[in-house]
Structure formats: structure tokens, C-alpha cells
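Have a look at run-v8.tsv below; it lists TSV, C-alpha atoms.
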chain	number	residue	atom	x	y	z
A	1	MET	CA	-24.35	16.13	-5.33
A	2	ASN	CA	-22.76	12.81	-4.51
A	3	GLN	CA	-19.25	14.24	-4.55
A	4	SER	CA	-19.98	16.64	-1.73
A	5	LYS	CA	-21.81	13.94	0.25
A	6	VAL	CA	-18.84	11.62	0.00
A	7	MET	CA	-16.50	14.41	0.99
A	8	GLU	CA	-18.70	15.17	3.98
A	9	GLN	CA	-18.63	11.50	4.94
A	10	ASN	CA	-14.85	11.52	4.87
A	11	GLN	CA	-14.65	14.75	6.83
A	12	ASN	CA	-17.14	13.97	9.54
A	13	ASN	CA	-16.60	10.45	10.65
A	14	ILE	CA	-14.25	8.59	8.51
A	15	GLY	CA	-14.94	4.91	8.17
A	16	VAL	CA	-18.22	4.59	10.05
A	17	LEU	CA	-20.14	2.63	7.49
A	18	GLU	CA	-23.46	2.36	9.31
A	19	GLU	CA	-23.88	6.06	9.93
A	20	HIS	CA	-22.78	7.21	6.51
A	21	SER	CA	-23.98	4.58	4.10
A	22	LEU	CA	-25.42	7.27	1.79
A	23	GLY	CA	-28.45	5.07	1.19
A	24	VAL	CA	-26.41	2.44	-0.61
A	25	LYS	CA	-27.78	-1.10	-0.53
A	26	PRO	CA	-24.96	-3.62	-0.99
A	27	ARG	CA	-25.71	-6.32	-3.53
A	28	PHE	CA	-23.24	-8.86	-2.11
A	29	LYS	CA	-22.49	-10.16	1.36
A	30	VAL	CA	-19.38	-11.71	2.89
A	31	GLY	CA	-18.78	-15.17	1.43
A	32	ASP	CA	-20.61	-14.59	-1.87
A	33	ARG	CA	-18.85	-15.98	-4.93
A	34	VAL	CA	-18.08	-13.27	-7.48
A	35	GLN	CA	-15.83	-12.57	-10.38
A	36	ILE	CA	-14.25	-9.34	-11.53
A	37	ARG	CA	-15.76	-8.23	-14.83
A	38	ASN	CA	-13.59	-7.55	-17.78
A	39	MET	CA	-15.03	-4.22	-18.87
A	40	PRO	CA	-13.55	-1.57	-21.10
A	41	TYR	CA	-12.51	1.69	-19.48
A	42	PHE	CA	-11.55	5.12	-20.67
A	43	PHE	CA	-7.98	6.09	-19.71
A	44	TYR	CA	-8.39	5.41	-16.00
A	45	THR	CA	-9.46	2.53	-13.81
A	46	ARG	CA	-8.33	1.00	-10.55
A	47	SER	CA	-9.60	-2.48	-11.46
A	48	GLN	CA	-6.43	-4.37	-12.10
A	49	MET	CA	-5.90	-6.63	-15.07
A	50	TRP	CA	-4.53	-9.47	-12.96
A	51	ALA	CA	-7.91	-9.86	-11.29
A	52	ARG	CA	-10.16	-9.58	-14.36
A	53	GLY	CA	-12.30	-12.62	-15.00
A	54	VAL	CA	-11.04	-14.46	-11.95
A	55	GLN	CA	-13.48	-16.06	-9.51
A	56	GLY	CA	-13.17	-15.30	-5.83
A	57	SER	CA	-15.30	-14.52	-2.81
A	58	ILE	CA	-16.30	-11.41	-0.90
A	59	ALA	CA	-14.01	-11.07	2.13
A	60	ALA	CA	-15.35	-7.77	3.48
A	61	LEU	CA	-17.58	-4.81	2.74
A	62	THR	CA	-15.56	-1.64	3.05
A	63	TYR	CA	-17.35	1.67	2.32
A	64	PRO	CA	-19.64	3.31	-0.22
A	65	ASP	CA	-17.95	5.81	-2.50
A	66	LEU	CA	-17.79	7.16	-6.03
A	67	VAL	CA	-16.06	4.96	-8.60
A	68	PRO	CA	-12.59	5.97	-9.79
A	69	GLU	CA	-13.62	5.96	-13.46
A	70	ASP	CA	-16.07	8.79	-12.67
A	71	GLU	CA	-13.76	10.60	-10.28
A	72	ALA	CA	-10.99	10.73	-12.85
A	73	PHE	CA	-13.19	12.92	-15.04
A	74	ASN	CA	-14.83	14.82	-12.20
A	75	VAL	CA	-18.17	13.17	-13.00
A	76	ASP	CA	-20.66	13.33	-10.14
A	77	GLY	CA	-21.59	9.70	-10.60
A	78	ARG	CA	-23.28	6.98	-8.62
A	79	VAL	CA	-22.06	6.12	-5.13
A	80	GLU	CA	-21.70	2.39	-4.68
A	81	GLN	CA	-20.45	-0.23	-2.27
A	82	TYR	CA	-16.80	-1.28	-2.27
A	83	TYR	CA	-15.72	-4.82	-1.39
A	84	ILE	CA	-12.55	-6.69	-0.59
A	85	VAL	CA	-12.46	-9.77	-2.83
A	86	ARG	CA	-10.31	-12.78	-2.02
A	87	PHE	CA	-8.83	-15.16	-4.59
A	88	ARG	CA	-6.87	-18.34	-4.25
A	89	GLN	CA	-3.46	-17.89	-5.80
A	90	LYS	CA	-3.91	-21.30	-7.40
A	91	ASP	CA	-6.91	-19.95	-9.35
A	92	LEU	CA	-4.82	-17.08	-10.70
A	93	TRP	CA	-1.56	-18.70	-11.65
A	94	PRO	CA	-1.37	-22.19	-13.12
A	95	GLY	CA	1.08	-24.30	-11.19
A	96	TYR	CA	1.23	-22.02	-8.16
A	97	PRO	CA	2.77	-24.37	-5.62
A	98	PHE	CA	1.28	-23.28	-2.29
A	99	ASP	CA	-2.30	-24.44	-1.73
A	100	ASN	CA	-3.20	-22.04	1.07
A	101	ASP	CA	-1.95	-18.76	-0.38
A	102	THR	CA	-4.48	-16.07	-1.21
A	103	ILE	CA	-4.57	-12.58	-2.65
A	104	GLN	CA	-7.07	-9.80	-2.08
A	105	THR	CA	-8.09	-6.80	-4.10
A	106	GLU	CA	-10.66	-4.12	-3.58
A	107	SER	CA	-13.44	-3.47	-6.05
A	108	PRO	CA	-16.48	-1.28	-6.46
A	109	GLU	CA	-19.75	-3.11	-7.03
A	110	ARG	CA	-20.10	-2.45	-10.74
A	111	TRP	CA	-16.94	-4.40	-11.49
A	112	LEU	CA	-18.31	-7.52	-9.78
A	113	GLU	CA	-20.68	-10.14	-11.10
A	114	PRO	CA	-22.11	-13.08	-9.19
A	115	VAL	CA	-20.84	-16.58	-9.90
A	116	GLU	CA	-23.30	-19.46	-9.93
A	117	THR	CA	-22.43	-21.98	-7.24
A	118	LYS	CA	-23.55	-25.56	-7.64
B	119	MET	CA	47.09	29.82	-17.52
B	120	ASN	CA	45.00	29.06	-14.49
B	121	LYS	CA	41.68	27.25	-14.50
B	122	ALA	CA	39.51	30.31	-14.09
B	123	GLN	CA	40.93	31.80	-17.24
B	124	ASP	CA	40.57	28.49	-19.04
B	125	TYR	CA	36.81	28.34	-18.38
B	126	SER	CA	36.28	31.89	-19.50
B	127	THR	CA	38.12	31.45	-22.77
B	128	ASP	CA	35.82	30.24	-25.49
B	129	GLY	CA	37.50	27.71	-27.75
B	130	ALA	CA	40.52	27.16	-25.51
B	131	GLU	CA	42.30	23.87	-26.03
B	132	HIS	CA	41.37	22.37	-22.65
B	133	HIS	CA	37.96	23.90	-22.38
B	134	HIS	CA	35.82	22.26	-19.66
B	135	PRO	CA	32.56	24.17	-19.30
B	136	ALA	CA	30.84	23.75	-15.94
B	137	ALA	CA	28.04	21.17	-16.09
B	138	PRO	CA	24.66	22.86	-16.15
B	139	MET	CA	23.00	22.78	-12.72
B	140	VAL	CA	19.75	21.18	-13.93
B	141	GLU	CA	18.32	18.15	-12.18
B	142	GLU	CA	16.53	15.65	-14.30
B	143	ILE	CA	12.85	15.37	-13.51
B	144	THR	CA	10.26	12.93	-14.74
B	145	ASP	CA	7.17	13.71	-16.81
B	146	PHE	CA	5.04	13.11	-13.72
B	147	GLU	CA	7.00	15.66	-11.75
B	148	VAL	CA	6.49	18.18	-14.57
B	149	LEU	CA	2.78	17.36	-14.49
B	150	GLU	CA	2.67	17.79	-10.71
B	151	ILE	CA	4.35	21.19	-10.92
B	152	ALA	CA	1.99	22.31	-13.69
B	153	VAL	CA	-1.14	21.22	-11.80
B	154	ARG	CA	0.14	22.71	-8.56
B	155	GLU	CA	0.87	26.06	-10.18
B	156	LEU	CA	-2.53	26.09	-11.86
B	157	ALA	CA	-4.22	25.26	-8.55
B	158	ILE	CA	-2.36	28.09	-6.82
B	159	GLU	CA	-3.22	30.46	-9.66
B	160	ARG	CA	-6.90	29.50	-9.41
B	161	GLY	CA	-6.85	29.98	-5.65
B	162	LEU	CA	-7.66	26.36	-4.73
B	163	PHE	CA	-4.85	26.60	-2.19
B	164	THR	CA	-1.98	28.98	-1.63
B	165	ALA	CA	1.73	28.38	-2.04
B	166	GLU	CA	1.95	28.67	1.74
B	167	ASP	CA	-0.68	25.88	2.12
B	168	HIS	CA	1.30	23.71	-0.24
B	169	ARG	CA	4.51	24.20	1.71
B	170	ARG	CA	2.65	23.37	4.93
B	171	PHE	CA	1.09	20.18	3.43
B	172	THR	CA	4.44	19.02	2.08
B	173	GLU	CA	6.24	19.63	5.35
B	174	PHE	CA	3.47	17.85	7.24
B	175	ALA	CA	3.58	14.83	4.93
B	176	GLU	CA	7.34	14.58	5.14
B	177	SER	CA	7.41	14.90	8.92
B	178	VAL	CA	5.21	11.81	9.47
B	179	GLY	CA	7.15	8.62	10.10
B	180	PRO	CA	6.15	5.05	11.00
B	181	ALA	CA	6.15	5.70	14.78
B	182	GLY	CA	2.36	6.17	14.85
B	183	GLY	CA	1.81	2.74	13.34
B	184	SER	CA	4.20	1.20	15.87
B	185	ARG	CA	2.24	2.78	18.72
B	186	LEU	CA	-1.04	1.53	17.23
B	187	VAL	CA	0.20	-2.06	17.04
B	188	ALA	CA	1.78	-1.95	20.52
B	189	LYS	CA	-1.45	-0.63	22.04
B	190	ILE	CA	-3.51	-3.28	20.25
B	191	TRP	CA	-1.17	-5.96	21.64
B	192	THR	CA	-1.50	-4.72	25.22
B	193	ASP	CA	-5.07	-3.43	25.43
B	194	PRO	CA	-7.86	-5.87	24.35
B	195	ALA	CA	-10.58	-3.23	24.69
B	196	PHE	CA	-8.63	-0.89	22.42
B	197	LYS	CA	-8.11	-3.74	19.98
B	198	ALA	CA	-11.87	-4.26	19.73
B	199	ARG	CA	-12.39	-0.55	19.03
B	200	ALA	CA	-9.55	-0.47	16.51
B	201	MET	CA	-10.83	-3.44	14.53
B	202	GLU	CA	-14.33	-1.90	14.52
B	203	ASN	CA	-13.26	1.56	13.37
B	204	PRO	CA	-9.50	1.89	12.82
B	205	VAL	CA	-9.47	5.54	11.79
B	206	LYS	CA	-11.41	6.56	14.88
B	207	ALA	CA	-9.16	4.44	17.11
B	208	CYS	CA	-6.14	6.29	15.69
B	209	LEU	CA	-7.42	9.44	17.39
B	210	GLU	CA	-6.82	7.73	20.75
B	211	ILE	CA	-3.10	7.49	19.98
B	212	GLY	CA	-3.00	11.07	18.70
B	213	ILE	CA	-3.26	10.44	14.96
B	214	ASP	CA	-5.92	12.39	13.14
B	215	TRP	CA	-6.46	11.12	9.61
B	216	SER	CA	-8.23	14.34	8.63
B	217	LYS	CA	-5.04	16.39	9.11
B	218	PRO	CA	-3.71	18.64	7.77
B	219	THR	CA	-6.37	19.65	5.25
B	220	GLY	CA	-9.49	18.81	7.22
B	221	PHE	CA	-10.20	15.86	4.91
B	222	GLY	CA	-6.93	13.98	5.04
B	223	THR	CA	-3.47	13.96	3.61
B	224	PRO	CA	-3.64	15.69	0.24
B	225	SER	CA	-4.40	13.27	-2.58
B	226	ASP	CA	-5.08	10.34	-0.30
B	227	TYR	CA	-8.12	8.61	1.11
B	228	THR	CA	-9.14	8.07	4.68
B	229	HIS	CA	-10.24	4.45	4.93
B	230	LEU	CA	-8.16	2.02	6.93
B	231	THR	CA	-8.31	-1.75	7.36
B	232	ILE	CA	-6.15	-3.55	9.90
B	233	LEU	CA	-4.99	-6.94	8.61
B	234	GLU	CA	-4.56	-9.22	11.59
B	235	ASP	CA	-1.97	-11.96	11.31
B	236	THR	CA	-2.35	-15.28	13.11
B	237	PRO	CA	0.17	-18.11	13.52
B	238	THR	CA	-1.25	-19.61	10.29
B	239	LEU	CA	-1.96	-16.43	8.31
B	240	HIS	CA	0.53	-13.80	7.16
B	241	HIS	CA	-0.47	-10.59	5.36
B	242	VAL	CA	1.72	-8.52	3.07
B	243	VAL	CA	0.64	-5.29	1.39
B	244	CYS	CA	1.46	-3.76	-1.97
B	245	CYS	CA	-0.18	-1.34	-4.34
B	246	THR	CA	-0.11	-2.55	-7.92
B	247	LEU	CA	-1.43	0.82	-9.08
B	248	CYS	CA	1.25	3.07	-7.65
B	249	SER	CA	2.17	3.42	-4.00
B	250	CYS	CA	-1.03	3.63	-1.90
B	251	TYR	CA	0.08	3.54	1.70
B	252	PRO	CA	-1.38	4.40	5.15
B	253	ARG	CA	0.59	7.62	5.32
B	254	PRO	CA	-0.93	9.09	8.51
B	255	LEU	CA	0.35	5.99	10.33
B	256	LEU	CA	3.53	5.10	8.43
B	257	GLY	CA	4.64	8.33	6.76
B	258	MET	CA	6.01	8.25	3.25
B	259	SER	CA	6.44	4.83	1.68
B	260	PRO	CA	9.95	3.43	1.24
B	261	GLU	CA	11.47	3.60	-2.22
B	262	TRP	CA	11.29	-0.16	-2.85
B	263	TYR	CA	7.55	-0.19	-2.08
B	264	ARG	CA	7.00	2.07	-5.10
B	265	THR	CA	9.08	0.08	-7.55
B	266	THR	CA	7.34	-1.88	-10.29
B	267	ASN	CA	9.62	-4.75	-9.38
B	268	TYR	CA	8.08	-5.13	-5.90
B	269	ARG	CA	4.56	-4.31	-7.05
B	270	ARG	CA	4.27	-6.73	-9.90
B	271	ARG	CA	6.29	-9.55	-8.39
B	272	LEU	CA	4.50	-9.53	-5.03
B	273	VAL	CA	1.24	-10.44	-6.77
B	274	ARG	CA	2.78	-13.34	-8.65
B	275	TRP	CA	5.71	-14.50	-6.47
B	276	PRO	CA	4.95	-13.37	-2.90
B	277	ARG	CA	7.08	-15.98	-1.15
B	278	GLN	CA	10.10	-15.22	-3.28
B	279	ILE	CA	9.82	-11.51	-2.48
B	280	LEU	CA	9.48	-12.26	1.22
B	281	ALA	CA	12.52	-14.52	1.03
B	282	GLU	CA	14.50	-11.66	-0.51
B	283	PHE	CA	13.59	-9.63	2.58
B	284	GLY	CA	14.84	-12.54	4.68
B	285	LEU	CA	11.40	-13.83	5.62
B	286	ILE	CA	10.83	-17.50	4.81
B	287	LEU	CA	7.48	-18.87	5.91
B	288	PRO	CA	6.50	-22.54	6.07
B	289	PRO	CA	4.12	-23.76	3.32
B	290	GLU	CA	1.29	-24.37	5.80
B	291	VAL	CA	1.16	-20.65	6.66
B	292	GLU	CA	-1.26	-18.86	4.33
B	293	VAL	CA	0.47	-15.92	2.69
B	294	ARG	CA	-2.21	-13.36	1.87
B	295	VAL	CA	-1.22	-10.52	-0.44
B	296	GLU	CA	-3.35	-7.39	-0.11
B	297	ASP	CA	-3.42	-5.21	-3.18
B	298	SER	CA	-4.20	-1.72	-1.97
B	299	ASN	CA	-5.62	-0.73	-5.34
B	300	GLN	CA	-8.68	1.31	-4.33
B	301	LYS	CA	-9.34	3.65	-1.41
B	302	CYS	CA	-8.68	1.45	1.59
B	303	ARG	CA	-5.27	1.73	3.19
B	304	PHE	CA	-3.88	-1.32	4.95
B	305	ILE	CA	-1.64	-1.93	7.93
B	306	VAL	CA	-0.51	-5.37	9.04
B	307	LEU	CA	-1.02	-6.31	12.67
B	308	PRO	CA	1.70	-8.91	13.29
B	309	VAL	CA	1.47	-11.65	15.90
B	310	ARG	CA	3.05	-10.50	19.16
B	311	PRO	CA	6.33	-12.40	19.35
B	312	ALA	CA	7.25	-14.74	22.17
B	313	GLY	CA	9.64	-13.35	24.76
B	314	THR	CA	7.81	-10.02	25.06
B	315	GLU	CA	5.37	-11.08	27.77
B	316	ASN	CA	6.09	-8.41	30.38
B	317	TRP	CA	7.10	-5.66	27.98
B	318	THR	CA	5.66	-2.17	28.16
B	319	GLU	CA	3.87	-0.55	25.22
B	320	LYS	CA	6.94	1.59	24.58
B	321	GLN	CA	9.27	-1.43	24.48
B	322	LEU	CA	6.89	-3.25	22.12
B	323	ALA	CA	6.58	-0.25	19.80
B	324	GLU	CA	10.35	-0.34	19.27
B	325	ILE	CA	10.26	-3.76	17.61
B	326	VAL	CA	7.23	-2.95	15.42
B	327	THR	CA	9.16	-1.49	12.52
B	328	ARG	CA	7.81	-0.17	9.23
B	329	ASP	CA	8.59	-3.44	7.42
B	330	CYS	CA	6.58	-5.42	10.00
B	331	MET	CA	3.53	-3.25	9.26
B	332	ILE	CA	3.90	-3.70	5.49
B	333	GLY	CA	4.32	-7.42	6.08
B	334	VAL	CA	7.81	-8.06	4.70
B	335	ALA	CA	9.29	-8.72	8.16
B	336	LEU	CA	8.23	-10.16	11.50
B	337	PRO	CA	8.85	-8.41	14.80
B	338	ARG	CA	11.15	-10.11	17.28
B	339	PRO	CA	13.01	-9.01	20.41
B	340	GLY	CA	16.20	-7.22	19.46
B	341	ARG	CA	15.10	-6.31	15.92
B	342	THR	CA	14.48	-2.55	16.06
B	343	THR	CA	15.49	-1.35	12.59
B	344	ASP	CA	14.73	-2.37	9.01
B	345	VAL	CA	18.07	-3.34	7.59
B	346	HIS	CA	18.03	-5.01	4.20
B	347	PRO	CA	21.08	-7.12	3.51
B	348	ILE	CA	22.38	-6.76	-0.03
B	349	GLN	CA	22.02	-10.14	-1.63
B	350	LYS	CA	23.34	-11.45	-4.85
B	351	ALA	CA	20.65	-11.53	-7.52
B	352	ARG	CA	19.57	-14.98	-8.54
B	353	ARG	CA	16.77	-16.54	-10.51
B	354	PRO	CA	13.75	-16.40	-8.21
B	355	VAL	CA	11.95	-19.45	-9.58
B	356	HIS	CA	12.25	-22.18	-12.16
B	357	SER	CA	15.89	-22.57	-11.25
B	358	SER	CA	16.16	-26.25	-11.83
B	359	SER	CA	18.49	-28.32	-9.74
B	360	ALA	CA	20.70	-28.63	-12.82
B	361	GLN	CA	21.21	-24.88	-12.86
B	362	CYS	CA	21.95	-24.84	-9.17
B	363	GLU	CA	24.54	-27.53	-9.67
B	364	ARG	CA	26.10	-25.61	-12.54
B	365	HIS	CA	26.25	-22.50	-10.35
B	366	SER	CA	28.03	-24.28	-7.55
B	367	HIS	CA	30.33	-25.92	-10.09
B	368	GLU	CA	31.25	-22.53	-11.57
B	369	ARG	CA	31.84	-21.15	-8.13
B	370	SER	CA	34.15	-24.00	-7.22
B	371	LEU	CA	36.20	-23.29	-10.37
B	372	GLN	CA	36.81	-19.70	-9.34
Go ahead and express the file in the form of C-alpha cells.
Amino acid sequence: MNQSKVMEQNQNNIGVLEEHSLGVKPRFKVGDRVQIRNMPYFFYTRSQMWARGVQGSIAALTYPDLVPEDEAFNVDGRVEQYYIVRFRQKDLWPGYPFDNDTIQTESPERWLEPVETK
Amino acid sequence: MNKAQDYSTDGAEHHHPAAPMVEEITDFEVLEIAVRELAIERGLFTAEDHRRFTEFAESVGPAGGSRLVAKIWTDPAFKARAMENPVKACLEIGIDWSKPTGFGTPSDYTHLTILEDTPTLHHVVCCTLCSCYPRPLLGMSPEWYRTTNYRRRLVRWPRQILAEFGLILPPEVEVRVEDSNQKCRFIVLPVRPAGTENWTEKQLAEIVTRDCMIGVALPRPGRTTDVHPIQKARRPVHSSSAQCERHSHERSLQ
């Protein structure tokens, strides 16, 4: 019952990743190059279109939790790691005039795929 | 013939029926009412619980967030604890994220990340999904935060949005937009402004307004409220110098 485990995590000690990792082994670490997959979804997702297919890097590991696509249908699905992913605005919008500007989004692991770095 | 008689007479020449006292509500509000009534019917919570949750949610304002930032500014040991586990650190300033249900504000999550600004990095938060917001710390989100205008434009034109709030940052400062699109809630920790060196926590909290913690304003001595000047709409980008010239020409003709 992953739903009840996640709920318990949130009730007991919110945000303490180490103590409540629910046995999740993160696939990525901070600094890894990733891109947001462009997957189909059924009625509900929290993976935004603006970030699909864009390459960025892992900025932080946040918490393990159920994915929204399962939660929306009350499916007791897999618990997985969530990440904050950072993109350069220049990589998102052609002609964006400020070199340093960045944008971050949060994503569960299944929406991320590694990017080969040369 | 007086007015009272006029209203009661069907088909009278100057018949002005009273407007029906029905407020317009959106489809989402209808959906919320339907789900709420079903939940009460099924015994998931009582009508009394719902009233209590609503009153709790509406009573929370941004003061908690201001206290959090002020304490972080003045207490390095607290800052370390807050950056390590923000939700736990909130308990030290009397904010319990699990309230009032035991597992948080209804319908919201209980993960928090503090986004620390530096002199060369400025954070600003939006939620492109809807209006995700650190409600235990900041209360209900302001109306503009929920508009599609703010949400979609902040992702694409962050500096223009900030400029509309009166915040113009030099190009060398990295503007980092945080889309609060999953379960983390975000609060901006601004840089402590100069001229506040000997201030108490209480004094500091007064200048840390809601807008400073969303990232559309910077705290400074003397600025204690979020006042948005009403500005004339203008093309945010791609306004070529020719257009600008035409504008000023038109204005000079008036």
C-alpha cells in the first residue's frame, strides 16, 4: 500500500528524505544531464509542455512520492524520486536575450531520461 | 402609482422586475460543491470539519513567511536547520504544516524548498498548473498569482513581468523562475537589504512582504506593503524603436 506509506511519511516527519525514502533508489544525482520525456498521458499530468524534450540538469533531489498520473485515478502505483530540473532559458526560447537566466521545474523520475554528454 | 405597486403589476408599462439574486459561479466551483457534498454524504468529513478547514485556510496570512525570513537573516544556526529541513524549521516559529487536518492544508502537499537569493541570483515563483503556493507560510495566494497571464508569461518573459511589478534587474543577475508544478512549495529568501544592520527580527519581518517571498519585489527599508501601481499597458517585447517613436509622436500630438 504505497498510498498509505506516502501519507504516513507526510504525517510523521514531513520532508525528511533520509528517514522516509520508502526504499527508493534515485537514478540521477545533482548535476546529471537529463531531458524531460515527451510521453502521452491520460487526462492528467503535471509534466508541463514547455519543458518537454528540453535538455537540462538535475538541480536537486526533493522527495519520493507517487506520480500524479496515478494519483489522479487513485491508482496505488509506484513511488519514485522527484527532482528539480534546471534549464537555461536560452535553450527553451530561441533568441532569449539574457545569457544567465534559468528556469526550474519539478519532475518525477519516469518523466526524465539521461542525455549523453560528450 | 408608486414603485411597489409597479413591481407587483404584471405587464405594467414601466415594469422593472428585481434582478434575480444569483451569483455567477464557474464550472470548477460547481464541481467543488458537488465533490464536497458527496464527501460529506459519504462521511469522509463533516460539514463542520469543512467549515473549520475553510476558516483556518482563510485566516492564514503571509506573516509566518515574514517571520521565517527574518529569523533566517538574524540566526545563522536557524538558517542551517531551515535549509536542511524547512518544514521542520517552521515548527520553531510556530507554523505546523500538518495543521489543521493532521496531514496538511486540505488539498495541498507538505514539501517546502527555500530558494535563497544572492546578489547575482534572483528567484521568482509561479505555478503554471494552477496556483500552488506555500499556504501555511503565506496564506492564500493573491489573485494575480492565479491568473493565466502571470503564469504563462513568467515562464517566457520573466524580466518583463518583474518590470511590470516595478522590479528591474541588471542583465548580469541570473533570474531563475521556479515553476511550482509538482508537490514542492517554494518560498524566496531575499538578500537582506543594506541599512538594516542593527534591526530586530520584528523590524525585519515588517519589510519582508508577500511579494518579496514570491520574488516579484525586493525588500528595502521603508517598504512595508505590496502596492502595485496601475501602469498603462504597453507591448512587453518586440516593440521596435520605430514603434516607440511613433508612440511618443502620437502623444506629442495630443
For chain B against chain A, with a cut-off of 8 Å and counting all atoms listed in the file, what is the closest atom pair and its distance in Å to one decimal for every residue that makes the cut, ordered by chain and number, as JSON lines?
{"residue": "B:Asn203", "atom": "CA", "partner": "A:Gly15", "partner_atom": "CA", "distance": 6.4}
{"residue": "B:Pro204", "atom": "CA", "partner": "A:Gly15", "partner_atom": "CA", "distance": 7.8}
{"residue": "B:Val205", "atom": "CA", "partner": "A:Ile14", "partner_atom": "CA", "distance": 6.6}
{"residue": "B:Lys206", "atom": "CA", "partner": "A:Ile14", "partner_atom": "CA", "distance": 7.3}
{"residue": "B:Ser216", "atom": "CA", "partner": "A:Gln11", "partner_atom": "CA", "distance": 6.7}
{"residue": "B:Gly220", "atom": "CA", "partner": "A:Gln11", "partner_atom": "CA", "distance": 6.6}
{"residue": "B:Phe221", "atom": "CA", "partner": "A:Gln11", "partner_atom": "CA", "distance": 5.0}
{"residue": "B:Gly222", "atom": "CA", "partner": "A:Gln11", "partner_atom": "CA", "distance": 8.0}
{"residue": "B:Thr228", "atom": "CA", "partner": "A:Ile14", "partner_atom": "CA", "distance": 6.4}
{"residue": "B:His229", "atom": "CA", "partner": "A:Gly15", "partner_atom": "CA", "distance": 5.7}
{"residue": "B:Leu230", "atom": "CA", "partner": "A:Gly15", "partner_atom": "CA", "distance": 7.5}
{"residue": "B:Thr246", "atom": "CA", "partner": "A:Gln48", "partner_atom": "CA", "distance": 7.8}
{"residue": "B:Leu247", "atom": "CA", "partner": "A:Arg46", "partner_atom": "CA", "distance": 7.1}
{"residue": "B:Val273", "atom": "CA", "partner": "A:Ile103", "partner_atom": "CA", "distance": 7.4}
{"residue": "B:Arg274", "atom": "CA", "partner": "A:Trp93", "partner_atom": "CA", "distance": 7.5}
{"residue": "B:Pro289", "atom": "CA", "partner": "A:Phe98", "partner_atom": "CA", "distance": 6.3}
{"residue": "B:Glu290", "atom": "CA", "partner": "A:Asn100", "partner_atom": "CA", "distance": 6.9}
{"residue": "B:Val291", "atom": "CA", "partner": "A:Asn100", "partner_atom": "CA", "distance": 7.2}
{"residue": "B:Glu292", "atom": "CA", "partner": "A:Asp101", "partner_atom": "CA", "distance": 4.8}
{"residue": "B:Val293", "atom": "CA", "partner": "A:Asp101", "partner_atom": "CA", "distance": 4.8}
{"residue": "B:Arg294", "atom": "CA", "partner": "A:Thr102", "partner_atom": "CA", "distance": 4.7}
{"residue": "B:Val295", "atom": "CA", "partner": "A:Ile103", "partner_atom": "CA", "distance": 4.5}
{"residue": "B:Glu296", "atom": "CA", "partner": "A:Gln104", "partner_atom": "CA", "distance": 4.9}
{"residue": "B:Asp297", "atom": "CA", "partner": "A:Thr105", "partner_atom": "CA", "distance": 5.0}
{"residue": "B:Ser298", "atom": "CA", "partner": "A:Thr105", "partner_atom": "CA", "distance": 6.7}
{"residue": "B:Asn299", "atom": "CA", "partner": "A:Arg46", "partner_atom": "CA", "distance": 6.1}
{"residue": "B:Gln300", "atom": "CA", "partner": "A:Glu106", "partner_atom": "CA", "distance": 5.8}
{"residue": "B:Cys302", "atom": "CA", "partner": "A:Thr62", "partner_atom": "CA", "distance": 7.7}
Checklist line | Point-to-point distance from atom CA of Val326 of chain B to atom CA of Trp262 of chain B, Å rounded to tenths | finding: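 Taking atom CA of Val326 of chain B as the start and atom CA of Trp262 of chain B as the end point, the length is 18.9 Å.
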Item checked: segment 169-174 of chain B surroundings by all atoms listed in the file, 9 Å radius, close-in-sequence under 2 positions cut, as an MDAnalysis selection string -> chainID B and resid 164:167 176:178 217:219 223:224
Check: Could you tell me, as number ranges by chain, which residues have any atom at most 10 Å from (-0.8, 20.5, -6.2), counting only C-alpha atoms?
Finding: B: 149-158, 162-165, 167-168, 171-172, 224-225
Check: Between atom CA of Arg328 of chain B and atom CA of Trp275 of chain B, what is the distance, to one decimal in Å?
Finding: 21.4 Å
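Going from atom CA of Lys29 of chain A to atom CA of Leu61 of chain A covers 7.4 Å.
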Around all listed atoms of segment 191-200 of chain B, padded 5 Å per side, what centre and edge lengths does the axis-aligned box have in Å to one decimal, as JSON?
{"center_x": -6.8, "center_y": -3.2, "center_z": 21.0, "size_x": 21.2, "size_y": 15.5, "size_z": 18.9}
Which residues are close to Glu116 of chain A, i.e. within 10 Å by only C-alpha atoms, leaving aside same-chain residues fewer than 3 positions away? Reply as an mmCIF file with C-alpha atoms, in the frame of the given file.
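That gives us out.cif:
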data_model
loop_
_atom_site.group_PDB
_atom_site.id
_atom_site.type_symbol
_atom_site.label_atom_id
_atom_site.label_comp_id
_atom_site.auth_asym_id
_atom_site.auth_seq_id
_atom_site.Cartn_x
_atom_site.Cartn_y
_atom_site.Cartn_z
ATOM 1 C CA ASP A 32 -20.610 -14.590 -1.870
ATOM 2 C CA ARG A 33 -18.850 -15.980 -4.930
ATOM 3 C CA VAL A 34 -18.080 -13.270 -7.480
ATOM 4 C CA GLU A 113 -20.680 -10.140 -11.100
#
Check: Can you find the residues with an atom no farther than 7 Å from (-18.4, -12.1, -9.9), counting all atoms listed in the file, and report them as a ChimeraX atom specification?
Finding: /A:33-37,55,112-115
